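This is entry_8.tsv. It holds TSV, C-alpha atoms.
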chain	number	residue	atom	x	y	z
A	1	MET	CA	-6.71	-3.15	12.52
A	2	LYS	CA	-8.61	-0.27	13.98
A	3	CYS	CA	-9.40	2.72	11.77
A	4	PHE	CA	-10.77	5.56	13.85
A	5	TRP	CA	-11.31	7.67	10.76
A	6	ALA	CA	-13.62	5.09	9.18
A	7	GLU	CA	-15.51	5.02	12.47
A	8	HIS	CA	-15.95	8.76	12.99
A	9	HIS	CA	-15.39	10.46	9.65
A	10	VAL	CA	-17.73	11.00	6.69
A	11	SER	CA	-16.79	12.06	3.19
A	12	ILE	CA	-19.27	13.20	0.55
A	13	ASP	CA	-17.60	12.46	-2.77
A	14	SER	CA	-17.79	14.00	-6.24
A	15	GLU	CA	-20.75	11.81	-7.20
A	16	GLY	CA	-22.72	12.74	-4.09
A	17	VAL	CA	-21.92	9.39	-2.43
A	18	PHE	CA	-21.34	9.18	1.32
A	19	ARG	CA	-18.17	7.19	2.06
A	20	PRO	CA	-15.65	6.65	4.89
A	21	CYS	CA	-12.74	8.81	3.69
A	22	CYS	CA	-11.12	10.62	0.76
A	23	THR	CA	-8.84	7.68	-0.14
A	24	TRP	CA	-11.71	5.19	-0.36
A	25	ARG	CA	-11.89	3.57	-3.80
A	26	SER	CA	-15.53	3.25	-4.81
A	27	VAL	CA	-16.67	-0.37	-5.17
A	28	GLY	CA	-20.34	0.27	-5.91
A	29	ASP	CA	-21.92	-0.76	-2.61
A	30	GLU	CA	-21.76	2.63	-0.91
A	31	PRO	CA	-25.11	3.64	0.62
A	32	GLU	CA	-27.48	5.91	-1.25
A	33	VAL	CA	-28.21	8.38	1.52
A	34	THR	CA	-28.62	12.14	1.58
A	35	THR	CA	-27.95	12.92	5.25
A	36	VAL	CA	-24.99	12.41	7.56
A	37	GLU	CA	-27.21	10.74	10.15
A	38	LYS	CA	-28.44	8.04	7.74
A	39	TYR	CA	-24.87	7.23	6.65
A	40	PHE	CA	-23.85	6.36	10.21
A	41	GLN	CA	-26.94	4.14	10.50
A	42	SER	CA	-26.30	2.26	7.23
A	43	ASP	CA	-25.40	-1.42	6.88
A	44	PHE	CA	-22.42	-0.34	4.75
A	45	TYR	CA	-20.96	1.68	7.64
A	46	LYS	CA	-21.50	-1.16	10.11
A	47	LYS	CA	-19.90	-3.83	7.88
A	48	LEU	CA	-16.96	-1.59	7.00
A	49	ASN	CA	-15.99	-1.08	10.62
A	50	ASN	CA	-16.67	-4.69	11.55
A	51	ASP	CA	-14.28	-5.87	8.80
A	52	LEU	CA	-11.55	-3.48	9.96
A	53	ASP	CA	-12.01	-4.55	13.59
A	54	ASN	CA	-11.48	-8.14	12.41
A	55	ASN	CA	-8.28	-7.29	10.48
A	56	LEU	CA	-9.94	-7.60	7.07
A	57	TRP	CA	-9.11	-4.99	4.43
A	58	PRO	CA	-12.33	-3.69	2.86
A	59	GLU	CA	-12.09	-3.63	-0.93
A	60	GLY	CA	-12.16	0.16	-1.08
A	61	CYS	CA	-9.18	0.53	1.30
A	62	ILE	CA	-6.61	-0.48	-1.33
A	63	ASP	CA	-4.54	2.72	-1.06
A	64	CYS	CA	-3.91	2.29	2.67
A	65	MET	CA	-3.27	-1.43	2.15
A	66	ASP	CA	-0.63	-0.68	-0.52
A	67	GLN	CA	1.07	2.02	1.57
A	68	GLU	CA	1.19	-0.13	4.68
A	69	SER	CA	2.60	-3.08	2.70
A	70	LEU	CA	5.59	-0.78	2.01
A	71	LYS	CA	5.75	0.15	5.71
A	72	ASP	CA	4.76	3.69	4.73
A	73	LEU	CA	2.48	6.00	6.68
A	74	SER	CA	-1.07	5.51	5.40
A	75	MET	CA	-4.19	7.60	5.87
A	76	ARG	CA	-5.37	5.01	8.42
A	77	THR	CA	-2.19	5.09	10.54
A	78	GLU	CA	-1.89	8.86	10.22
A	79	LYS	CA	-5.44	9.45	11.45
A	80	ASN	CA	-5.12	6.84	14.20
A	81	GLU	CA	-2.24	8.90	15.59
A	82	LEU	CA	-4.50	11.96	15.57
A	83	TYR	CA	-7.19	10.11	17.55
A	84	THR	CA	-4.70	9.01	20.22
A	85	ILE	CA	-4.10	12.73	20.88
A	86	TYR	CA	-7.70	13.89	20.36
A	87	PRO	CA	-10.00	10.92	21.13
A	88	ASN	CA	-13.20	12.94	20.58
A	89	TRP	CA	-12.12	14.37	17.25
A	90	LYS	CA	-14.78	14.73	14.56
A	91	ASP	CA	-14.29	15.92	11.02
A	92	ALA	CA	-15.84	15.58	7.57
A	93	GLU	CA	-15.03	16.12	3.91
A	94	ILE	CA	-17.38	17.75	1.41
A	95	LYS	CA	-17.13	17.80	-2.37
A	96	PHE	CA	-19.54	19.85	-4.46
A	97	GLY	CA	-19.43	17.51	-7.44
A	98	ASN	CA	-16.51	17.34	-9.88
A	99	LEU	CA	-16.66	20.93	-11.15
A	100	CYS	CA	-13.07	22.04	-11.79
A	101	ASN	CA	-11.23	24.72	-13.72
A	102	LEU	CA	-8.27	22.44	-14.54
A	103	GLY	CA	-7.61	19.13	-16.27
A	104	CYS	CA	-4.48	17.92	-14.44
A	105	VAL	CA	-2.74	15.13	-16.34
A	106	MET	CA	-2.92	12.61	-13.47
A	107	CYS	CA	-6.54	13.39	-12.62
A	108	SER	CA	-9.78	11.81	-13.78
A	109	PRO	CA	-13.41	12.72	-14.53
A	110	TYR	CA	-14.17	11.82	-10.91
A	111	ASN	CA	-12.40	14.99	-9.79
A	112	SER	CA	-12.60	17.20	-12.86
A	113	SER	CA	-15.53	18.20	-15.04
A	114	LEU	CA	-13.02	19.55	-17.56
A	115	ILE	CA	-11.51	16.07	-17.92
A	116	GLN	CA	-14.97	14.51	-18.04
A	117	ASP	CA	-15.84	16.63	-21.08
A	118	GLU	CA	-12.44	15.97	-22.64
A	119	TYR	CA	-12.54	12.20	-22.16
A	120	LEU	CA	-16.02	11.96	-23.68
A	121	LYS	CA	-14.59	13.53	-26.84
A	122	MET	CA	-11.44	11.33	-26.82
A	123	LYS	CA	-13.13	8.05	-25.91
A	124	GLY	CA	-11.40	5.11	-27.60
A	125	GLN	CA	-8.00	6.81	-28.01
A	126	HIS	CA	-6.69	5.27	-24.76
A	127	LYS	CA	-8.10	2.94	-22.11
A	128	LEU	CA	-7.89	5.70	-19.50
A	129	PHE	CA	-10.39	7.75	-21.49
A	130	ASP	CA	-13.08	5.20	-20.62
A	131	ARG	CA	-13.17	6.43	-17.00
A	132	THR	CA	-16.11	8.81	-17.34
A	133	ILE	CA	-18.61	9.03	-14.46
A	134	ASP	CA	-22.30	9.57	-13.84
A	135	ILE	CA	-23.07	12.00	-11.02
A	136	LYS	CA	-25.54	10.14	-8.79
A	137	THR	CA	-26.88	13.18	-6.99
A	138	ASN	CA	-26.38	16.93	-7.20
A	139	TRP	CA	-27.39	17.33	-3.55
A	140	PHE	CA	-25.54	20.66	-3.34
A	141	LYS	CA	-27.69	22.29	-6.05
A	142	ASP	CA	-30.66	22.25	-3.67
A	143	GLU	CA	-29.82	25.19	-1.41
A	144	ASP	CA	-32.11	23.97	1.40
A	145	ASN	CA	-30.36	20.58	1.40
A	146	LEU	CA	-26.95	22.24	1.16
A	147	ARG	CA	-27.68	24.37	4.20
A	148	SER	CA	-29.16	21.37	6.05
A	149	ILE	CA	-25.94	19.37	5.65
A	150	ALA	CA	-23.92	22.43	6.70
A	151	ARG	CA	-25.98	22.60	9.90
A	152	SER	CA	-25.54	18.88	10.61
A	153	LEU	CA	-21.77	19.24	10.29
A	154	SER	CA	-21.42	22.52	12.18
A	155	ASP	CA	-20.33	20.70	15.36
A	156	ARG	CA	-17.26	19.17	13.69
A	157	ASN	CA	-13.73	20.07	14.72
A	158	GLU	CA	-12.55	20.27	11.14
A	159	LEU	CA	-14.27	20.45	7.75
A	160	HIS	CA	-12.42	19.52	4.57
A	161	PHE	CA	-13.39	20.98	1.21
A	162	SER	CA	-11.87	19.51	-1.93
A	163	GLY	CA	-12.96	18.87	-5.45
A	164	GLY	CA	-13.09	19.22	-8.23
A	165	GLU	CA	-12.00	22.70	-7.26
A	166	PRO	CA	-14.12	23.95	-4.32
A	167	THR	CA	-13.53	27.62	-5.08
A	168	VAL	CA	-15.06	27.73	-8.58
A	169	ASN	CA	-18.75	27.69	-7.66
A	170	ASN	CA	-21.08	29.44	-5.22
A	171	TYR	CA	-21.76	26.34	-3.09
A	172	LEU	CA	-18.78	26.79	-0.79
A	173	ARG	CA	-19.78	30.38	-0.04
A	174	ILE	CA	-23.35	29.28	0.83
A	175	PHE	CA	-22.00	26.45	3.00
A	176	LEU	CA	-19.69	28.84	4.87
A	177	ASP	CA	-22.52	31.34	5.30
A	178	GLU	CA	-24.66	28.63	6.98
A	179	LEU	CA	-21.77	27.57	9.21
A	180	ILE	CA	-21.37	31.16	10.38
A	181	LYS	CA	-25.12	31.38	11.14
A	182	ASN	CA	-24.77	28.25	13.31
A	183	ASN	CA	-21.77	29.62	15.23
A	184	CYS	CA	-19.53	26.90	13.84
A	185	ASN	CA	-16.03	26.85	15.34
A	186	ALA	CA	-14.62	24.27	12.96
A	187	THR	CA	-11.25	24.71	11.33
A	188	LEU	CA	-11.65	24.78	7.56
A	189	LEU	CA	-9.28	22.72	5.44
A	190	ILE	CA	-9.49	23.69	1.79
A	191	ARG	CA	-7.55	21.94	-0.94
A	192	THR	CA	-7.10	24.20	-3.95
A	193	ASN	CA	-5.07	24.37	-7.14
A	194	ALA	CA	-4.67	28.11	-6.40
A	195	ASN	CA	-5.69	29.11	-9.93
A	196	ASN	CA	-8.91	30.60	-8.58
A	197	TRP	CA	-9.43	32.54	-5.35
A	198	PRO	CA	-12.65	34.66	-5.17
A	199	SER	CA	-12.66	37.80	-3.02
A	200	LYS	CA	-16.07	37.08	-1.38
A	201	MET	CA	-14.93	33.62	-0.30
A	202	HIS	CA	-11.65	35.08	0.96
A	203	GLU	CA	-13.54	37.51	3.20
A	204	LEU	CA	-15.78	34.75	4.65
A	205	MET	CA	-12.72	32.67	5.48
A	206	LYS	CA	-11.42	35.41	7.73
A	207	GLN	CA	-14.11	34.37	10.23
A	208	PHE	CA	-12.59	30.88	10.57
A	209	LYS	CA	-9.33	29.28	11.47
A	210	THR	CA	-8.17	27.84	8.17
A	211	LYS	CA	-5.74	25.33	6.71
A	212	ILE	CA	-5.12	25.75	3.00
A	213	SER	CA	-3.57	22.86	1.12
A	214	ILE	CA	-2.18	24.04	-2.21
A	215	SER	CA	-1.92	21.47	-4.99
A	216	ILE	CA	1.02	22.50	-7.17
A	217	ASP	CA	3.26	19.90	-8.81
A	218	ALA	CA	6.12	21.86	-10.37
A	219	HIS	CA	7.44	25.38	-10.86
A	220	GLY	CA	6.45	27.70	-13.70
A	221	LYS	CA	5.70	26.34	-17.16
A	222	ALA	CA	6.06	22.74	-15.98
A	223	ASN	CA	3.18	23.23	-13.56
A	224	GLU	CA	1.12	24.84	-16.34
A	225	TYR	CA	1.56	21.62	-18.31
A	226	ILE	CA	0.86	19.19	-15.45
A	227	ARG	CA	-2.05	21.23	-14.10
A	228	TRP	CA	-3.36	22.32	-17.50
A	229	PRO	CA	-4.46	24.97	-18.41
A	230	SER	CA	-3.33	26.87	-15.29
A	231	LYS	CA	-1.27	30.06	-15.55
A	232	TRP	CA	1.76	30.31	-13.29
A	233	GLY	CA	1.51	34.05	-12.75
A	234	LYS	CA	-2.08	33.69	-11.57
A	235	THR	CA	-1.17	30.76	-9.34
A	236	GLU	CA	1.66	32.71	-7.74
A	237	ARG	CA	-0.52	35.78	-7.10
A	238	ASN	CA	-3.24	33.64	-5.51
A	239	VAL	CA	-0.70	31.91	-3.26
A	240	GLU	CA	0.31	35.37	-2.02
A	241	LYS	CA	-3.37	36.16	-1.25
A	242	ILE	CA	-3.77	32.86	0.59
A	243	LEU	CA	-0.67	33.56	2.65
A	244	SER	CA	-2.20	36.90	3.68
A	245	LEU	CA	-5.17	35.24	5.44
A	246	PRO	CA	-5.12	35.62	9.25
A	247	ASP	CA	-4.96	32.54	11.50
A	248	THR	CA	-4.12	30.32	8.54
A	249	GLN	CA	-1.76	27.41	8.06
A	250	VAL	CA	-0.68	27.02	4.44
A	251	LYS	CA	0.62	23.70	3.20
A	252	LEU	CA	2.13	22.76	-0.15
A	253	ASN	CA	0.67	19.44	-1.30
A	254	PRO	CA	2.55	18.18	-4.38
A	255	THR	CA	1.39	15.06	-6.18
A	256	VAL	CA	4.49	12.91	-6.71
A	257	ALA	CA	4.21	11.11	-10.04
A	258	ALA	CA	6.53	9.39	-12.51
A	259	TYR	CA	6.78	12.52	-14.65
A	260	ASN	CA	7.67	15.11	-11.97
A	261	VAL	CA	9.87	13.57	-9.24
A	262	HIS	CA	12.89	15.39	-10.73
A	263	LEU	CA	11.02	18.73	-10.73
A	264	LEU	CA	10.13	18.82	-7.04
A	265	PRO	CA	13.40	20.25	-5.65
A	266	LYS	CA	12.88	23.47	-7.64
A	267	LEU	CA	9.25	23.69	-6.50
A	268	TYR	CA	10.32	23.17	-2.89
A	269	GLU	CA	12.89	25.99	-3.07
A	270	TRP	CA	10.24	28.29	-4.59
A	271	SER	CA	7.79	27.50	-1.78
A	272	ILE	CA	10.39	28.29	0.88
A	273	ASN	CA	11.01	31.68	-0.73
A	274	MET	CA	7.24	32.30	-0.78
A	275	GLY	CA	7.06	31.68	2.98
A	276	ILE	CA	5.48	28.20	3.00
A	277	HIS	CA	6.79	25.94	5.76
A	278	ASN	CA	4.34	23.03	5.80
A	279	TYR	CA	4.29	20.17	3.30
A	280	ASN	CA	2.51	16.97	2.42
A	281	PHE	CA	3.92	14.87	-0.41
A	282	ASP	CA	1.35	12.44	-1.84
A	283	SER	CA	2.44	9.65	-4.15
A	284	VAL	CA	0.45	8.62	-7.24
A	285	TYR	CA	-0.52	4.94	-7.19
A	286	LYS	CA	-3.30	5.06	-9.77
A	287	PRO	CA	-3.55	5.33	-12.70
A	288	TYR	CA	-0.55	3.02	-12.62
A	289	VAL	CA	1.07	4.56	-15.71
A	290	PHE	CA	1.78	7.64	-13.56
A	291	ALA	CA	2.79	5.79	-10.36
A	292	ALA	CA	5.83	7.46	-8.83
A	293	ASN	CA	7.93	4.29	-8.93
A	294	ASN	CA	7.69	4.27	-12.74
A	295	SER	CA	10.13	7.19	-12.86
A	296	GLU	CA	13.50	6.51	-14.47
A	297	GLN	CA	16.65	5.86	-12.44
A	298	TRP	CA	18.07	9.34	-13.12
A	299	GLN	CA	14.88	10.86	-11.72
A	300	LYS	CA	15.02	8.59	-8.67
A	301	GLU	CA	18.58	9.74	-7.97
A	302	ILE	CA	17.49	13.39	-8.07
A	303	TYR	CA	14.66	12.62	-5.66
A	304	LYS	CA	16.96	10.62	-3.39
A	305	ASP	CA	19.38	13.57	-3.22
A	306	PHE	CA	16.39	15.87	-2.55
A	307	CYS	CA	15.38	13.68	0.40
A	308	SER	CA	18.91	13.78	1.81
A	309	LYS	CA	18.61	17.57	2.14
A	310	TYR	CA	15.01	17.87	3.39
A	311	SER	CA	12.77	15.69	5.55
A	312	HIS	CA	9.32	16.38	4.07
A	313	PRO	CA	9.71	14.52	0.73
A	314	ASN	CA	10.89	11.38	2.58
A	315	LYS	CA	7.26	10.45	3.17
A	316	VAL	CA	7.07	8.82	-0.28
A	317	ILE	CA	10.73	7.90	-0.94
A	318	LYS	CA	10.08	4.15	-0.59
A	319	HIS	CA	7.45	4.24	-3.29
A	320	VAL	CA	9.56	6.42	-5.59
A	321	MET	CA	12.56	4.10	-5.24
A	322	LYS	CA	10.55	0.91	-5.71
A	323	GLU	CA	11.23	-0.81	-9.04
A	324	GLY	CA	8.81	0.23	-11.77
A	325	LYS	CA	8.21	-0.02	-15.51
A	326	GLY	CA	9.75	3.28	-16.57
A	327	LEU	CA	8.19	6.26	-18.35
A	328	LYS	CA	7.21	4.76	-21.70
A	329	GLU	CA	3.52	4.21	-20.92
A	330	ALA	CA	3.24	7.61	-19.26
A	331	ILE	CA	4.80	9.34	-22.26
A	332	ASP	CA	2.56	7.46	-24.67
A	333	PHE	CA	-0.47	8.75	-22.77
A	334	LEU	CA	0.90	12.29	-22.56
A	335	LYS	CA	1.46	12.33	-26.32
A	336	ILE	CA	-2.25	11.64	-26.84
A	337	LEU	CA	-3.14	14.46	-24.45
A	338	ASP	CA	-0.70	16.72	-26.29
A	339	TYR	CA	-2.35	16.00	-29.62
A	340	ASN	CA	-5.76	17.00	-28.24
A	341	ARG	CA	-4.58	19.91	-26.08
A	342	GLN	CA	-1.88	21.31	-28.39
A	343	THR	CA	0.70	20.96	-25.61
A	344	ASP	CA	4.16	19.35	-25.48
A	345	TYR	CA	5.18	16.98	-22.68
A	346	ARG	CA	8.86	17.77	-23.21
A	347	ILE	CA	8.35	20.99	-21.21
A	348	ILE	CA	8.53	18.80	-18.07
A	349	GLY	CA	11.96	17.46	-19.00
A	350	ILE	CA	11.29	13.79	-19.66
Written as structure tokens, that's how I'd like the structure from this file.
Amino acid sequence: MKCFWAEHHVSIDSEGVFRPCCTWRSVGDEPEVTTVEKYFQSDFYKKLNNDLDNNLWPEGCIDCMDQESLKDLSMRTEKNELYTIYPNWKDAEIKFGNLCNLGCVMCSPYNSSLIQDEYLKMKGQHKLFDRTIDIKTNWFKDEDNLRSIARSLSDRNELHFSGGEPTVNNYLRIFLDELIKNNCNATLLIRTNANNWPSKMHELMKQFKTKISISIDAHGKANEYIRWPSKWGKTERNVEKILSLPDTQVKLNPTVAAYNVHLLPKLYEWSINMGIHNYNFDSVYKPYVFAANNSEQWQKEIYKDFCSKYSHPNKVIKHVMKEGKGLKEAIDFLKILDYNRQTDYRIIGI
């Protein structure tokens, strides 16, 4: 059960922890290192790859294990295909903590400082509000260390920046500045909610080949609710700016959850009209209350019809159509959010 990504990739997560990939579920034994070189020398890295080579699923690989049990494409199988084409491929993912401008309903404090603050205030109202985190290291706040890591990764083929929201602080700009100083030829992959797009960062990106993955989950007011407190007009204007970048591939990356499977056809049509032609549909598995298969039968039928017209959403159809528990638990949670946010879940049509 070879995983070339676990062997060659490194991901620095929201807590400053070095890990094998973005889908890795933290189990607490990740190495406490501050350089890329030390991660690849760690006992954690060696054991991880030894287990995979011996067909043993490491505990943190649960997402790939679940997807492959459904015969779906997983991150492992997807990246293995990449390495058969480009055997010397090297990439990395960098997160500058959990700083984010949004509190998306499916997200957690791990990826959103806004949710972290919110959950601390709402602790005890729901079990999901107990998921607050402690940032282990703010490595990126030390500019010398930030630039050092940028230099050590400047030989990579591709560099992924996600969050939190990578565009809402100055760290990405500093990182890009150091890459430029080191004549880095990496392609940049930036995952953004498109509710923030600074001009200075936009200009720096013109010096790179870029791939922009836009995380939008519905059209209009429905997206404002799911990706609260975003503003649709601002999102749409920023998507237009992103599409204006030279040498850039733009991809729509919707999160398919129990509450929005019926909304995705309208979003897809909007994206086509905007000039987006690349897509990646990701299914929610956790928290389980939002898992895509917990959608109701009428939603599943809409998604099934959607998949009969277009190929891209088929990536997650098996999970959507799998039997689930329905929307009750999701709605119960959304009602608590609504009480605290002064929002109304009925805007998303469930």
What lies within 8 Å of Glu93 of chain A using all atoms listed in the file, ignoring chain neighbours under 6 positions off, as a PDB file with C-alpha atoms, in the coordinates of the input?
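Produced file around.pdb, reproduced below:
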ATOM      1  CA  VAL A  10     -17.730  11.000   6.690  1.00  0.00           C
ATOM      2  CA  SER A  11     -16.790  12.060   3.190  1.00  0.00           C
ATOM      3  CA  ILE A  12     -19.270  13.200   0.550  1.00  0.00           C
ATOM      4  CA  CYS A  21     -12.740   8.810   3.690  1.00  0.00           C
ATOM      5  CA  CYS A  22     -11.120  10.620   0.760  1.00  0.00           C
ATOM      6  CA  LEU A 159     -14.270  20.450   7.750  1.00  0.00           C
ATOM      7  CA  HIS A 160     -12.420  19.520   4.570  1.00  0.00           C
ATOM      8  CA  PHE A 161     -13.390  20.980   1.210  1.00  0.00           C
ATOM      9  CA  SER A 162     -11.870  19.510  -1.930  1.00  0.00           C
TER      10      SER A 162
END
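The closest residue to Thr34 of chain A, picked from A:Tyr83, A:Phe140, A:Asp117, A:Asn294 and counting only C-alpha atoms, is A:Phe140.
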Mind running segment 76-175 of chain A against segment 194-215 of chain A at 7 Å and telling me each contacting residue's nearest atom pair with the distance in Å (one decimal), counting all atoms listed in the file, chain and number ascending, as a tab-separated table?
residue	atom	partner	partner_atom	distance
A:Thr167	CA	A:Trp197	CA	6.4
A:Val168	CA	A:Asn196	CA	6.8
A:Arg173	CA	A:Met201	CA	5.8
| field | Spatial neighbours of segment 320-328 of chain A, 9 Å, all atoms listed in the file, chain gap at least 3 places, as a PyMOL selection string | value | chain A and resi 256-259+261+283+289-297+300-301+303-304+316-317+331-333+350
| Please, what distance in Å, to one decimal, runs between atom CA of Tyr171 of chain A and atom CA of Tyr110 of chain A? | 18.2 Å
| message | What's around Glu32 of chain A at 12 Å? Count only C-alpha atoms, leave out sequence neighbours fewer than 2 positions away in its own chain, and write the answer as a list in words. | response | Ile12, Asp13, Glu15, Gly16, Val17, Phe18, Arg19, Gly28, Asp29, Glu30, Thr34, Thr35, Val36, Lys38, Tyr39, Gln41, Ser42, Asp43, Phe44, Tyr45, Lys136, Thr137 and Trp139 of chain A
Got time to write the residues from that selection, C-alpha atoms, as an mmCIF file, keeping the file's coordinate frame?
data_model
loop_
_atom_site.group_PDB
_atom_site.id
_atom_site.type_symbol
_atom_site.label_atom_id
_atom_site.label_comp_id
_atom_site.auth_asym_id
_atom_site.auth_seq_id
_atom_site.Cartn_x
_atom_site.Cartn_y
_atom_site.Cartn_z
ATOM 1 C CA ILE A 12 -19.270 13.200 0.550
ATOM 2 C CA ASP A 13 -17.600 12.460 -2.770
ATOM 3 C CA GLU A 15 -20.750 11.810 -7.200
ATOM 4 C CA GLY A 16 -22.720 12.740 -4.090
ATOM 5 C CA VAL A 17 -21.920 9.390 -2.430
ATOM 6 C CA PHE A 18 -21.340 9.180 1.320
ATOM 7 C CA ARG A 19 -18.170 7.190 2.060
ATOM 8 C CA GLY A 28 -20.340 0.270 -5.910
ATOM 9 C CA ASP A 29 -21.920 -0.760 -2.610
ATOM 10 C CA GLU A 30 -21.760 2.630 -0.910
ATOM 11 C CA THR A 34 -28.620 12.140 1.580
ATOM 12 C CA THR A 35 -27.950 12.920 5.250
ATOM 13 C CA VAL A 36 -24.990 12.410 7.560
ATOM 14 C CA LYS A 38 -28.440 8.040 7.740
ATOM 15 C CA TYR A 39 -24.870 7.230 6.650
ATOM 16 C CA GLN A 41 -26.940 4.140 10.500
ATOM 17 C CA SER A 42 -26.300 2.260 7.230
ATOM 18 C CA ASP A 43 -25.400 -1.420 6.880
ATOM 19 C CA PHE A 44 -22.420 -0.340 4.750
ATOM 20 C CA TYR A 45 -20.960 1.680 7.640
ATOM 21 C CA LYS A 136 -25.540 10.140 -8.790
ATOM 22 C CA THR A 137 -26.880 13.180 -6.990
ATOM 23 C CA TRP A 139 -27.390 17.330 -3.550
#
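Residue nearest Leu176 of chain A within the list A:Asn55, A:Thr77, A:Ala92, A:Arg147: A:Arg147 [criterion: smallest interatomic distance, all atoms listed in the file].
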| atom CA of Cys61 of chain A to atom CA of Trp24 of chain A, distance in Å rounded to a single decimal |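 Straight-line distance from atom CA of Cys61 of chain A to atom CA of Trp24 of chain A works out to 5.6 Å.
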Starting from the point (16.4, 18.4, -0.6), work out which residues of protein, DNA or RNA have an atom no more than 12 Å away when counting all atoms listed in the file; state them as a tab-separated table (two decimals) with C-alpha atoms, keeping the file's coordinate frame.
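This went into part_0.tsv:
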chain	number	residue	atom	x	y	z
A	261	VAL	CA	9.87	13.57	-9.24
A	262	HIS	CA	12.89	15.39	-10.73
A	263	LEU	CA	11.02	18.73	-10.73
A	264	LEU	CA	10.13	18.82	-7.04
A	265	PRO	CA	13.40	20.25	-5.65
A	266	LYS	CA	12.88	23.47	-7.64
A	267	LEU	CA	9.25	23.69	-6.50
A	268	TYR	CA	10.32	23.17	-2.89
A	269	GLU	CA	12.89	25.99	-3.07
A	272	ILE	CA	10.39	28.29	0.88
A	301	GLU	CA	18.58	9.74	-7.97
A	302	ILE	CA	17.49	13.39	-8.07
A	303	TYR	CA	14.66	12.62	-5.66
A	304	LYS	CA	16.96	10.62	-3.39
A	305	ASP	CA	19.38	13.57	-3.22
A	306	PHE	CA	16.39	15.87	-2.55
A	307	CYS	CA	15.38	13.68	0.40
A	308	SER	CA	18.91	13.78	1.81
A	309	LYS	CA	18.61	17.57	2.14
A	310	TYR	CA	15.01	17.87	3.39
A	311	SER	CA	12.77	15.69	5.55
A	312	HIS	CA	9.32	16.38	4.07
A	313	PRO	CA	9.71	14.52	0.73
A	314	ASN	CA	10.89	11.38	2.58
A	317	ILE	CA	10.73	7.90	-0.94
| task | Can you work out which one of A:Asp338, A:Glu37, A:Asp134, A:Asp247 has the shortest atom-to-atom distance to Ser148 of chain A, counting all atoms listed in the file? | result | A:Glu37
| Top pick for closest residue to Asp66 of chain A, considering A:Thr235, A:Thr23, A:Glu178, A:Glu143 and counting only C-alpha atoms |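 Result for the nearest residue to Asp66 of chain A: A:Thr23.
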| Restricting the calculation to all atoms listed in the file, which member of A:Trp298, A:Tyr119, A:Trp232, A:Tyr285 is positioned closest to Arg341 of chain A? |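 Checking each candidate against Arg341 of chain A, we get A:Tyr119 as the closest.
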| field | Residue nearest Ile242 of chain A - candidates A:Pro31, A:Gly275, A:Pro229, A:Pro254, atoms counted: all atoms listed in the file | value | A:Gly275
| task | Extract, using only C-alpha atoms, all DNA, RNA and protein residues at most 8 Å from Cys64 of chain A, discarding same-chain residues fewer than 6 positions from it, and format them as a list in words. | result | Thr23, Ser74, Met75 and Arg76 of chain A
Could you turn the residues from that selection into a file that holds C-alpha atoms, as a PDB file, keeping the file's coordinate frame?
ATOM      1  CA  THR A  23      -8.840   7.680  -0.140  1.00  0.00           C
ATOM      2  CA  SER A  74      -1.070   5.510   5.400  1.00  0.00           C
ATOM      3  CA  MET A  75      -4.190   7.600   5.870  1.00  0.00           C
ATOM      4  CA  ARG A  76      -5.370   5.010   8.420  1.00  0.00           C
TER       5      ARG A  76
END
| task | Kindly give the distance, in Å, that separates atom CA of Asn193 of chain A and atom CA of Asn169 of chain A, rounded to a single decimal. | result |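 These atoms are spaced 14.1 Å apart.
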| task | Can you pull out every residue within 10 Å of Arg131 of chain A, counting only C-alpha atoms, but drop anything in the same chain fewer than 6 positions away, and send it as a ChimeraX atom specification? | result | /A:108-110,115-116,119-120,123
Enclose segment 60-73 of chain A, meaning all of its atoms listed in the file, in a box aligned along x, y and z, pad it by 4 Å on each side, and list the centre and edge lengths in Å to one decimal, as JSON.
{"center_x": -3.2, "center_y": 1.5, "center_z": 2.7, "size_x": 25.9, "size_y": 17.1, "size_z": 16.0}
